[in-house]
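Coordinates as given in data24.cif (mmCIF, C-alpha atoms):
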data_query
loop_
_atom_site.group_PDB
_atom_site.id
_atom_site.type_symbol
_atom_site.label_atom_id
_atom_site.label_comp_id
_atom_site.auth_asym_id
_atom_site.auth_seq_id
_atom_site.Cartn_x
_atom_site.Cartn_y
_atom_site.Cartn_z
ATOM 1 C CA MET W 1 6.422 7.928 15.309
ATOM 2 C CA ILE W 2 7.082 5.787 12.257
ATOM 3 C CA LYS W 3 7.456 7.450 8.892
ATOM 4 C CA THR W 4 7.727 5.730 5.555
ATOM 5 C CA ARG W 5 9.618 7.251 2.710
ATOM 6 C CA ALA W 6 8.624 4.938 -0.063
ATOM 7 C CA GLY W 7 10.394 6.827 -2.809
ATOM 8 C CA SER W 8 10.888 3.736 -4.935
ATOM 9 C CA LEU W 9 7.211 2.774 -4.570
ATOM 10 C CA LYS W 10 6.186 6.263 -5.644
ATOM 11 C CA VAL W 11 8.482 6.137 -8.683
ATOM 12 C CA TYR W 12 7.202 2.668 -9.588
ATOM 13 C CA CYS W 13 3.568 3.840 -9.336
ATOM 14 C CA GLU W 14 4.233 6.904 -11.482
ATOM 15 C CA LYS W 15 6.048 4.893 -14.142
ATOM 16 C CA TYR W 16 3.873 1.770 -14.387
ATOM 17 C CA ARG W 17 0.499 3.003 -13.067
ATOM 18 C CA PRO W 18 -0.501 -0.216 -11.267
ATOM 19 C CA ARG W 19 -4.152 -0.657 -10.394
ATOM 20 C CA LEU W 20 -3.156 -1.044 -6.752
ATOM 21 C CA ALA W 21 0.143 -0.909 -4.862
ATOM 22 C CA LEU W 22 0.449 -2.762 -1.570
ATOM 23 C CA ARG W 23 2.903 -1.705 1.114
ATOM 24 C CA THR W 24 3.558 -3.603 4.335
ATOM 25 C CA SER W 25 4.928 -1.672 7.294
ATOM 26 C CA LEU W 26 4.438 -0.972 10.983
ATOM 27 C CA LEU W 27 1.978 1.819 10.169
ATOM 28 C CA PRO W 28 -1.773 1.308 10.636
ATOM 29 C CA TYR W 29 -4.054 0.131 7.817
ATOM 30 C CA GLU W 30 -4.743 2.848 5.283
ATOM 31 C CA ARG W 31 -6.258 2.778 1.812
ATOM 32 C CA ASN W 32 -5.339 5.822 -0.267
ATOM 33 C CA GLU W 33 -7.671 5.728 -3.269
ATOM 34 C CA GLU W 34 -6.067 8.784 -4.868
ATOM 35 C CA ALA W 35 -2.567 7.314 -4.863
ATOM 36 C CA HIS W 36 -3.822 3.712 -5.318
ATOM 37 C CA ILE W 37 -1.699 2.606 -2.353
ATOM 38 C CA VAL W 38 -2.837 0.316 0.439
ATOM 39 C CA ASN W 39 -0.774 0.221 3.610
ATOM 40 C CA ILE W 40 -1.096 -3.118 5.404
ATOM 41 C CA PRO W 41 0.413 -3.380 8.890
ATOM 42 C CA LEU W 42 2.612 -6.394 9.441
ATOM 43 C CA TYR W 43 0.239 -7.778 12.073
ATOM 44 C CA MET W 44 -2.555 -7.809 9.435
ATOM 45 C CA LEU W 45 -0.804 -9.738 6.697
ATOM 46 C CA PHE W 46 -3.594 -12.297 6.912
ATOM 47 C CA ALA W 47 -5.784 -9.647 5.154
ATOM 48 C CA LEU W 48 -3.505 -9.530 2.131
ATOM 49 C CA SER W 49 -5.528 -12.055 0.137
ATOM 50 C CA ALA W 50 -8.727 -10.071 0.781
ATOM 51 C CA GLU W 51 -7.076 -6.912 -0.590
ATOM 52 C CA LEU W 52 -5.897 -8.759 -3.664
ATOM 53 C CA ASP W 53 -9.409 -10.127 -4.230
ATOM 54 C CA GLY W 54 -10.821 -6.594 -4.018
ATOM 55 C CA GLU W 55 -12.925 -7.002 -0.901
#

Rewrite the structure from the file as structure tokens, please.
Amino acid sequence: MIKTRAGSLKVYCEKYRPRLALRTSLLPYERNEEAHIVNIPLYMLFALSAELDGE
């Protein structure tokens, strides 16, 4: 099991309130609308531009 402890990402999001925060990791794709965080698995980096375009 892979766990992420993105403490710095959480602090950054709380301080600067970005519209969307992107995280790349080995975890599966997940879009958390409440936290405004999108987890993109490394094997799906080709989808990064689509996320940035809002698709």

Next on the checklist: Please enumerate the residues selected by the PyMOL selection byres ((chain W and resi 33-36) around 9) when evaluated against the supplied file, formatted as a ChimeraX atom specification.
Outcome noted: /W:10,13,17-22,31-32,37-38

Next on the checklist: Starting from the PyMOL selection byres ((chain W and resi 41-47) around 8), expand the selection into actual residues of this file and give them as a list of chain:residue names.
Outcome noted: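 So the PyMOL selection byres ((chain W and resi 41-47) around 8) ends up selecting W:Thr24, W:Ser25, W:Leu26, W:Leu27, W:Pro28, W:Tyr29, W:Asn39, W:Ile40, W:Leu48, W:Ser49, W:Ala50, W:Glu51.
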
Per-axis box centre and lengths in Å around segment 26-35 of chain W, 3 Å margin per side, axis-aligned, as JSON:
{"center_x": -1.6, "center_y": 3.9, "center_z": 3.1, "size_x": 18.1, "size_y": 15.8, "size_z": 21.9}
